[in-house]
>>> print(open('work.cif').read())   # mmCIF, C-alpha atoms
data_query
loop_
_atom_site.label_atom_id
_atom_site.label_comp_id
_atom_site.auth_asym_id
_atom_site.auth_seq_id
_atom_site.Cartn_x
_atom_site.Cartn_y
_atom_site.Cartn_z
CA MET A 10 -103.98 -206.60 -28.07
CA LYS A 11 -100.29 -207.52 -28.44
CA LEU A 12 -100.15 -205.68 -31.77
CA ILE A 13 -101.62 -202.50 -30.21
CA LEU A 14 -99.03 -202.52 -27.40
CA LEU A 15 -96.22 -202.90 -29.93
CA LEU A 16 -97.47 -199.89 -31.94
CA VAL A 17 -97.70 -197.67 -28.80
CA SER A 18 -94.15 -198.65 -27.76
CA ALA A 19 -92.83 -197.82 -31.23
CA LEU A 20 -94.44 -194.35 -31.11
CA LEU A 21 -92.91 -193.61 -27.69
CA VAL A 22 -89.43 -194.58 -28.87
CA PHE A 23 -89.88 -192.40 -31.98
CA ASP A 24 -90.83 -189.38 -29.79
CA MET A 25 -87.85 -189.75 -27.46
CA HIS A 26 -85.52 -189.25 -30.44
CA GLY A 27 -86.95 -185.76 -30.87
CA THR A 28 -88.82 -186.14 -34.11
CA ALA A 29 -92.32 -186.29 -32.77
CA ASP A 30 -94.35 -183.97 -30.53
CA LEU A 31 -97.09 -185.44 -28.44
CA GLY A 32 -97.86 -182.21 -26.63
CA ARG A 33 -95.47 -182.82 -23.73
CA ALA A 34 -93.41 -180.09 -21.99
CA PRO A 35 -89.96 -179.35 -23.52
CA ALA A 36 -87.07 -181.52 -22.43
CA PRO A 37 -84.82 -180.15 -19.66
CA ARG A 38 -82.21 -177.55 -20.84
CA SER A 39 -79.43 -180.10 -20.32
CA LEU A 40 -81.00 -182.31 -22.95
CA GLN A 41 -81.67 -179.53 -25.49
CA ALA A 42 -79.30 -178.89 -28.38
CA THR A 43 -77.38 -175.57 -28.00
CA LYS A 44 -76.16 -173.21 -30.74
CA PRO A 45 -72.37 -173.05 -31.20
CA ALA A 46 -70.73 -169.91 -29.67
CA ALA A 47 -69.96 -167.07 -32.11
CA THR A 48 -66.44 -167.23 -33.50
CA GLN A 49 -64.12 -164.75 -31.80
CA VAL A 50 -60.96 -163.22 -33.20
CA THR A 51 -58.46 -160.51 -32.22
CA SER A 52 -57.18 -157.52 -34.18
CA ARG A 53 -53.54 -156.54 -34.27
CA ILE A 54 -53.18 -152.76 -33.95
CA THR A 55 -50.09 -150.62 -34.52
CA VAL A 56 -50.21 -147.05 -33.20
CA THR A 57 -47.65 -144.39 -34.12
CA VAL A 58 -47.33 -141.69 -31.46
CA PRO A 59 -45.65 -138.25 -31.45
CA HIS A 60 -43.00 -138.86 -28.79
CA ASP A 61 -41.01 -141.79 -27.34
CA GLU A 62 -42.45 -141.20 -23.86
CA THR A 63 -46.07 -140.76 -24.97
CA GLU A 64 -48.72 -142.25 -22.70
CA LEU A 65 -51.11 -144.18 -24.96
CA THR A 66 -54.61 -145.16 -23.89
CA VAL A 67 -57.07 -147.23 -25.91
CA GLN A 68 -60.70 -147.18 -24.81
CA GLY A 69 -59.50 -145.54 -21.60
CA LYS A 70 -56.98 -148.32 -20.81
CA VAL A 71 -53.25 -147.51 -20.69
CA ILE A 72 -51.18 -149.52 -23.18
CA ALA A 73 -47.72 -150.10 -21.72
CA GLY A 74 -44.68 -149.30 -23.83
CA THR A 75 -42.25 -146.67 -25.06
CA GLY A 76 -41.05 -145.53 -28.46
CA THR A 77 -42.99 -143.97 -31.29
CA SER A 78 -44.48 -147.26 -32.54
CA ARG A 79 -46.66 -149.42 -30.27
CA THR A 80 -48.22 -152.75 -31.31
CA PHE A 81 -50.78 -154.76 -29.35
CA GLU A 82 -53.66 -157.18 -29.83
CA THR A 83 -57.23 -156.54 -28.80
CA SER A 84 -59.16 -158.81 -26.48
CA PRO A 85 -61.31 -161.41 -28.30
CA LEU A 86 -63.90 -159.75 -30.54
CA GLN A 87 -66.91 -161.13 -32.38
CA LYS A 88 -65.84 -161.96 -35.91
CA GLY A 89 -67.38 -159.78 -38.61
CA VAL A 90 -68.56 -157.06 -36.21
CA THR A 91 -67.40 -153.44 -36.64
CA TYR A 92 -65.94 -151.79 -33.54
CA ARG A 93 -65.06 -148.17 -32.74
CA TYR A 94 -61.98 -147.58 -30.59
CA THR A 95 -60.73 -144.25 -29.26
CA PHE A 96 -56.95 -143.79 -29.09
CA THR A 97 -55.50 -141.01 -26.93
CA ALA A 98 -51.89 -139.84 -26.82
CA THR A 99 -50.58 -137.63 -24.01
CA TRP A 100 -47.03 -136.33 -24.16
CA GLN A 101 -44.73 -133.45 -23.21
CA PRO A 102 -43.03 -131.74 -26.17
CA ASN A 103 -41.10 -129.64 -23.64
CA THR A 104 -40.79 -129.26 -19.87
CA TYR A 105 -43.76 -126.89 -19.48
CA THR A 106 -46.29 -128.22 -22.02
CA THR A 107 -48.54 -131.30 -21.95
CA MET A 108 -50.37 -132.20 -25.16
CA THR A 109 -53.37 -134.51 -25.56
CA ARG A 110 -54.58 -135.86 -28.92
CA SER A 111 -57.46 -138.29 -29.51
CA LYS A 112 -58.65 -140.18 -32.57
CA THR A 113 -61.61 -142.55 -32.98
CA VAL A 114 -61.26 -145.31 -35.59
CA SER A 115 -63.67 -147.97 -36.89
CA PHE A 116 -62.47 -151.46 -37.85
CA ARG A 117 -63.83 -154.96 -38.33
CA ALA A 118 -62.85 -157.63 -35.85
CA GLY A 119 -59.88 -159.63 -37.14
CA GLU A 120 -58.49 -156.83 -39.31
CA ARG A 121 -55.00 -155.44 -38.85
CA LEU A 122 -55.13 -151.72 -38.11
CA ALA A 123 -52.62 -148.85 -38.22
CA VAL A 124 -53.38 -145.60 -36.35
CA ASP A 125 -51.21 -142.49 -36.74
CA LEU A 126 -51.39 -139.95 -33.92
CA ARG A 127 -48.48 -137.77 -35.06
CA LYS A 128 -50.43 -135.26 -37.16
CA ASP A 129 -51.52 -131.97 -35.54
CA ASP A 130 -55.27 -131.78 -35.04
CA PRO A 131 -57.47 -128.73 -34.36
CA ASN A 132 -59.05 -130.71 -31.51
CA ASP A 133 -55.73 -131.17 -29.70
CA ARG A 134 -55.67 -129.98 -26.12
CA VAL A 135 -52.75 -128.42 -24.29
CA GLN A 136 -51.94 -127.64 -20.68
CA VAL A 137 -49.10 -125.26 -19.87
CA GLN A 138 -47.23 -125.10 -16.59
CA TYR A 139 -47.77 -121.77 -14.88
CA VAL A 140 -44.73 -119.47 -15.00
CA PRO A 141 -45.32 -115.91 -13.72
CA THR A 142 -44.49 -113.06 -16.08
CA PRO A 143 -42.04 -110.57 -14.52
CA GLU A 144 -43.72 -107.27 -13.67
CA TYR A 145 -41.52 -105.21 -15.97
CA VAL A 146 -42.43 -107.56 -18.84
CA VAL A 147 -46.11 -107.08 -17.96
CA ASP A 148 -45.67 -103.32 -18.22
CA ALA A 149 -43.92 -103.69 -21.57
CA MET A 150 -46.72 -105.91 -22.92
CA ILE A 151 -49.38 -103.35 -21.98
CA LYS A 152 -47.33 -100.61 -23.59
CA LEU A 153 -46.85 -102.64 -26.76
CA ALA A 154 -50.60 -103.29 -26.96
CA GLY A 155 -51.38 -99.59 -26.52
CA VAL A 156 -54.12 -100.30 -23.96
CA SER A 157 -56.69 -97.50 -23.68
CA ALA A 158 -60.03 -96.79 -22.01
CA ALA A 159 -61.88 -98.27 -25.01
CA ASP A 160 -60.29 -101.71 -24.67
CA VAL A 161 -61.64 -105.05 -23.53
CA VAL A 162 -58.68 -107.31 -22.72
CA TYR A 163 -58.73 -111.10 -22.69
CA GLU A 164 -56.02 -113.30 -21.22
CA PRO A 165 -56.30 -117.02 -22.14
CA GLY A 166 -54.31 -118.94 -19.54
CA CYS A 167 -54.30 -116.04 -17.09
CA GLY A 168 -52.37 -117.70 -14.23
CA ASP A 169 -52.65 -115.26 -11.33
CA ALA A 170 -54.23 -112.60 -13.62
CA ARG A 171 -51.40 -110.14 -13.14
CA ILE A 172 -51.48 -109.06 -16.81
CA THR A 173 -55.26 -108.58 -16.83
CA ILE A 174 -55.18 -106.65 -13.57
CA ALA A 175 -52.35 -104.41 -14.80
CA ALA A 176 -54.20 -103.77 -18.09
CA VAL A 177 -57.38 -102.66 -16.30
CA LYS A 178 -55.36 -100.51 -13.90
CA SER A 179 -53.80 -98.92 -16.99
CA GLY A 180 -57.23 -97.91 -18.25
CA ALA A 181 -58.90 -100.86 -20.02
CA ARG A 182 -62.64 -100.80 -19.35
CA LYS A 183 -62.97 -104.58 -18.90
CA GLY A 184 -60.82 -107.66 -18.43
CA VAL A 185 -61.50 -111.40 -18.80
CA GLY A 186 -59.09 -114.09 -17.64
CA ILE A 187 -59.53 -117.82 -18.31
CA ASP A 188 -57.56 -120.65 -16.74
CA ILE A 189 -57.95 -124.44 -16.59
CA ASP A 190 -56.35 -124.69 -13.15
CA ALA A 191 -58.83 -124.23 -10.31
CA ASP A 192 -56.07 -123.12 -7.91
CA ARG A 193 -54.95 -120.39 -10.30
CA VAL A 194 -58.54 -119.25 -10.78
CA ALA A 195 -59.02 -118.97 -7.00
CA GLU A 196 -55.77 -117.03 -6.70
CA SER A 197 -56.76 -114.72 -9.56
CA ARG A 198 -60.15 -113.97 -8.04
CA THR A 199 -58.49 -113.13 -4.74
CA ARG A 200 -56.04 -110.78 -6.44
CA VAL A 201 -58.86 -109.11 -8.39
CA LYS A 202 -60.80 -108.59 -5.16
CA GLU A 203 -57.76 -107.19 -3.39
CA ALA A 204 -57.25 -104.76 -6.27
CA GLY A 205 -60.87 -103.58 -5.97
CA LEU A 206 -61.59 -104.56 -9.59
CA GLU A 207 -64.37 -107.15 -9.17
CA GLY A 208 -66.73 -105.00 -11.21
CA LYS A 209 -64.30 -104.77 -14.12
CA ILE A 210 -62.59 -108.17 -14.26
CA GLU A 211 -64.15 -111.59 -14.71
CA ILE A 212 -62.09 -114.73 -14.02
CA ARG A 213 -63.36 -117.99 -15.50
CA LEU A 214 -62.49 -121.63 -14.89
CA GLY A 215 -62.22 -123.55 -18.15
CA ASP A 216 -60.20 -124.47 -21.20
CA ALA A 217 -58.95 -121.28 -22.86
CA LEU A 218 -59.41 -122.94 -26.27
CA ASP A 219 -63.18 -123.05 -25.66
CA ILE A 220 -63.75 -119.28 -25.32
CA GLN A 221 -67.18 -118.49 -26.75
CA ASP A 222 -67.23 -114.68 -26.72
CA LEU A 223 -63.77 -113.71 -27.89
CA SER A 224 -65.29 -111.37 -30.46
CA GLU A 225 -65.71 -108.65 -27.83
CA ALA A 226 -61.97 -108.53 -27.17
CA THR A 227 -59.90 -105.65 -28.52
CA VAL A 228 -56.64 -106.89 -26.96
CA VAL A 229 -55.53 -110.50 -26.30
CA PHE A 230 -52.52 -111.24 -24.08
CA LEU A 231 -50.71 -114.58 -24.36
CA TYR A 232 -47.92 -116.37 -22.53
CA MET A 233 -48.79 -120.00 -23.24
CA GLY A 234 -46.17 -121.52 -25.54
CA ASP A 235 -45.84 -122.18 -29.27
CA HIS A 236 -48.15 -125.23 -29.25
CA PHE A 237 -50.98 -123.34 -27.57
CA ASN A 238 -50.47 -120.34 -29.88
CA MET A 239 -50.83 -122.55 -32.95
CA LEU A 240 -54.07 -124.05 -31.60
CA ILE A 241 -55.63 -120.70 -30.70
CA ARG A 242 -54.44 -118.99 -33.89
CA PRO A 243 -57.40 -120.06 -36.11
CA ILE A 244 -59.77 -119.10 -33.28
CA LEU A 245 -58.23 -115.63 -33.19
CA TRP A 246 -58.46 -115.24 -36.96
CA LYS A 247 -62.14 -116.19 -36.97
CA ALA A 248 -63.40 -114.50 -33.80
CA LEU A 249 -61.45 -111.27 -33.45
CA LYS A 250 -62.59 -108.05 -35.06
CA VAL A 251 -60.40 -106.17 -37.51
CA GLY A 252 -58.09 -103.92 -35.51
CA THR A 253 -57.77 -106.23 -32.50
CA ARG A 254 -54.23 -106.51 -31.14
CA VAL A 255 -52.61 -109.72 -29.95
CA VAL A 256 -49.51 -109.53 -27.74
CA SER A 257 -47.47 -112.63 -26.88
CA HIS A 258 -44.62 -112.88 -24.44
CA ARG A 259 -41.84 -114.87 -26.13
CA PHE A 260 -43.87 -117.26 -28.30
CA THR A 261 -44.80 -116.76 -31.97
CA MET A 262 -47.57 -117.95 -34.35
CA GLY A 263 -45.89 -119.98 -37.08
CA ASP A 264 -46.12 -118.30 -40.47
CA TRP A 265 -48.34 -115.50 -39.10
CA LYS A 266 -45.49 -113.05 -38.69
CA PRO A 267 -45.71 -110.36 -35.99
CA ASP A 268 -46.30 -106.77 -37.02
CA LYS A 269 -43.81 -105.71 -34.39
CA THR A 270 -41.30 -107.36 -32.04
CA VAL A 271 -39.56 -105.63 -29.16
CA SER A 272 -36.91 -106.73 -26.68
CA VAL A 273 -36.98 -106.19 -22.93
CA ASP A 274 -33.87 -106.72 -20.79
CA ASN A 275 -34.00 -107.68 -17.14
CA PRO A 276 -31.46 -106.48 -14.54
CA ALA A 277 -29.40 -109.63 -15.09
CA GLY A 278 -29.04 -108.84 -18.78
CA GLU A 279 -31.48 -111.55 -19.99
CA GLU A 280 -33.54 -110.62 -23.05
CA TYR A 281 -37.28 -111.13 -23.39
CA LYS A 282 -38.99 -110.92 -26.78
CA LEU A 283 -42.51 -109.53 -27.05
CA HIS A 284 -44.56 -109.85 -30.25
CA LEU A 285 -47.52 -107.82 -31.56
CA TRP A 286 -50.01 -108.86 -34.25
CA ILE A 287 -52.86 -106.72 -35.55
CA VAL A 288 -55.88 -108.46 -37.09
CA THR A 289 -56.49 -106.89 -40.50
CA GLU A 290 -58.93 -107.44 -43.35
CA GLU A 291 -56.06 -108.96 -45.32
CA VAL A 292 -55.35 -111.47 -42.53
CA LYS A 293 -58.98 -112.57 -42.55
CA ARG A 294 -59.23 -112.55 -46.36
CA ARG A 295 -56.22 -114.86 -46.71
CA ARG A 296 -57.94 -117.34 -44.40
CA GLY A 297 -61.23 -117.14 -46.31
CA LEU A 298 -63.00 -115.29 -43.49
CA MET A 299 -64.04 -112.21 -45.47
#
>>> encode(input="work.cif", output="structure tokens")
Amino acid sequence: MKLILLLVSALLVFDMHGTADLGRAPAPRSLQATKPAATQVTSRITVTVPHDETELTVQGKVIAGTGTSRTFETSPLQKGVTYRYTFTATWQPNTYTTMTRSKTVSFRAGERLAVDLRKDDPNDRVQVQYVPTPEYVVDAMIKLAGVSAADVVYEPGCGDARITIAAVKSGARKGVGIDIDADRVAESRTRVKEAGLEGKIEIRLGDALDIQDLSEATVVFLYMGDHFNMLIRPILWKALKVGTRVVSHRFTMGDWKPDKTVSVDNPAGEEYKLHLWIVTEEVKRRRGLM
């Protein structure tokens, strides 16, 4: 009997050390072995931005700092895992233009990373402060475009729609204005209504770089700045029909030289430059569009 009791005691001690299973319920969590936490590391990231006063956000969070080079460390990341971060730069190249540029980059946790946001990108976005075009400049733009009863005029960044309204009053059969500012759109629609042109002019709220039906335009009016012109330029080349005229108040289109430039003087003796481009087969052929 004593020998049997000794054997049972030995088996119970053996089980309590975790190497035997007699069909009992698992030990409480506090007694169970736990797996070690995954190793975490940070990544050191250097971002080069276009302007000293650029606002930089990473994953939607503002990264404090000034200058064209910004360096920071990520929060702890799981070692060996690949992450995707979106970097967004917002800056003002001049007093009336705000540019936004985003870039998404993949990297493995723990790696050092360099991100360059200085290069122009077709997906850049631009907002331009509204500055009304003087009425005599509006008249000169319509004259330079040669607006007729056959024309459909588009005005990306229409402001208060004064150019579109004047073009339709001069004989254009249809006008479309697009603006990103809801207040300007409301003002434009009011002005269109007051002019009795609701049946001929459509005013849209949206980004002028996202125009979907530009191919129906025969005249495009612009007063949006050099940066905007360079972003809309490839859209114009692709979408506009041969023979379409583009008229810009003041601002040019890089190496796409105007077919004609005229000067308009105001009563104070200040000079305004107006530029005209005509979309030709050669223009489209050089860009591989024909």
>>> closest_residue(input="work.cif", among="A:Arg110, A:Arg79, A:Arg121, A:Arg295", to="A:Arg53", atoms="only C-alpha atoms")
A:Arg121
>>> resolve_selection(input="work.cif", expression="the PyMOL selection byres ((chain A and resi 152) around 12)", output="list in words")
Tyr145, Val146, Val147, Asp148, Ala149, Met150, Ile151, Leu153, Ala154, Gly155, Val156, Ser157, Ile172, Ala175, Ala176, Ser179, Gly180, Val228, Phe230, Arg254, Val256, Val271, Val273, Leu283, His284 and Leu285 of chain A
>>> atom_distance(input="work.cif", atom1="atom CA of A:Tyr232", atom2="atom CA of A:Glu290")
25.2 Å
>>> atom_distance(input="work.cif", atom1="atom CA of A:Ile174", atom2="atom CA of A:Thr253")
19.1 Å
>>> residues_around(input="work.cif", residues="stretch 188-191 of chain A", least_positions_apart="2", cutoff="7 Å", atoms="only C-alpha atoms", output="number ranges by chain")
A: 165-168, 186, 193-195, 213-217
>>> resolve_selection(input="work.cif", expression="the PyMOL selection byres ((chain A and resi 103) around 12)", output="CSV table (one decimal) with C-alpha atoms, in the coordinates of the input")
chain,number,residue,atom,x,y,z
A,60,HIS,CA,-43.0,-138.9,-28.8
A,62,GLU,CA,-42.4,-141.2,-23.9
A,100,TRP,CA,-47.0,-136.3,-24.2
A,101,GLN,CA,-44.7,-133.4,-23.2
A,102,PRO,CA,-43.0,-131.7,-26.2
A,104,THR,CA,-40.8,-129.3,-19.9
A,105,TYR,CA,-43.8,-126.9,-19.5
A,106,THR,CA,-46.3,-128.2,-22.0
A,107,THR,CA,-48.5,-131.3,-22.0
A,108,MET,CA,-50.4,-132.2,-25.2
A,135,VAL,CA,-52.8,-128.4,-24.3
A,136,GLN,CA,-51.9,-127.6,-20.7
A,137,VAL,CA,-49.1,-125.3,-19.9
A,138,GLN,CA,-47.2,-125.1,-16.6
A,234,GLY,CA,-46.2,-121.5,-25.5
A,235,ASP,CA,-45.8,-122.2,-29.3
A,236,HIS,CA,-48.2,-125.2,-29.2
>>> resolve_selection(input="work.cif", expression="the PyMOL selection byres ((chain A and resi 159) around 7)", output="VMD selection string")
chain A and resid 157 to 158 160 to 161 181 to 182
>>> write_last_selection(input="work.cif", atoms="C-alpha atoms", output="JSON list (two decimals), in the coordinates of the input")
[["chain", "number", "residue", "atom", "x", "y", "z"],
["A", 157, "SER", "CA", -56.69, -97.50, -23.68],
["A", 158, "ALA", "CA", -60.03, -96.79, -22.01],
["A", 160, "ASP", "CA", -60.29, -101.71, -24.67],
["A", 161, "VAL", "CA", -61.64, -105.05, -23.53],
["A", 181, "ALA", "CA", -58.90, -100.86, -20.02],
["A", 182, "ARG", "CA", -62.64, -100.80, -19.35]]
>>> residues_around(input="work.cif", residues="A:Val114", least_positions_apart="3", cutoff="10 Å", atoms="only C-alpha atoms", output="PDB file with C-alpha atoms, keeping the file's coordinate frame")
ATOM      1  CA  TYR A  92     -65.940-151.790 -33.540  1.00  0.00           C
ATOM      2  CA  ARG A  93     -65.060-148.170 -32.740  1.00  0.00           C
ATOM      3  CA  TYR A  94     -61.980-147.580 -30.590  1.00  0.00           C
ATOM      4  CA  THR A  95     -60.730-144.250 -29.260  1.00  0.00           C
ATOM      5  CA  PHE A  96     -56.950-143.790 -29.090  1.00  0.00           C
ATOM      6  CA  LEU A 122     -55.130-151.720 -38.110  1.00  0.00           C
ATOM      7  CA  ALA A 123     -52.620-148.850 -38.220  1.00  0.00           C
ATOM      8  CA  VAL A 124     -53.380-145.600 -36.350  1.00  0.00           C
TER       9      VAL A 124
END
>>> axis_aligned_box(input="work.cif", around="stretch 178-196 of chain A", padding_each_side="3 Å", output="AutoDock Vina command-line options")
--center_x -58.4 --center_y -111.3 --center_z -13.4 --size_x 15.2 --size_y 32.8 --size_z 19.3
>>> closest_residue(input="work.cif", among="A:Glu64, A:Glu207, A:Asp169, A:Glu225", to="A:Asp192", atoms="only C-alpha atoms")
A:Asp169
>>> atom_distance(input="work.cif", atom1="atom CA of A:Lys266", atom2="atom CA of A:Val292")
10.7 Å
>>> residues_around(input="work.cif", residues="A:Lys202", least_positions_apart="6", cutoff="12 Å", atoms="only C-alpha atoms", output="ChimeraX atom specification")
/A:170,174,195-196,208-212
>>> closest_residue(input="work.cif", among="A:Pro131, A:Gly184, A:Pro276, A:Gly263", to="A:Ala226", atoms="all atoms listed in the file")
A:Gly184
>>> residues_near_point(input="work.cif", point="(-55.3, -110.2, -33.2)", cutoff="7 Å", atoms="only C-alpha atoms", output="list in words")
Val229, Leu245, Leu249, Thr253, Arg254, Val255, Trp286, Ile287 and Val288 of chain A
>>> closest_residue(input="work.cif", among="A:Gln87, A:Ser257, A:Asn275, A:Ser78", to="A:Val50", atoms="all atoms listed in the file")
A:Gln87
>>> closest_residue(input="work.cif", among="A:Gln68, A:Thr142, A:Ser84, A:Ser272", to="A:Lys112", atoms="only C-alpha atoms")
A:Gln68
>>> closest_residue(input="work.cif", among="A:Val90, A:Val162, A:Ile244, A:Ala73", to="A:Lys178", atoms="only C-alpha atoms")
A:Val162
>>> residues_around(input="work.cif", residues="A:Met299", least_positions_apart="2", cutoff="12 Å", atoms="all atoms listed in the file", output="list in words")
Trp246, Lys247, Ala248, Lys250, Val251, Thr289, Glu290, Glu291, Val292, Lys293, Arg294, Arg295, Arg296 and Gly297 of chain A
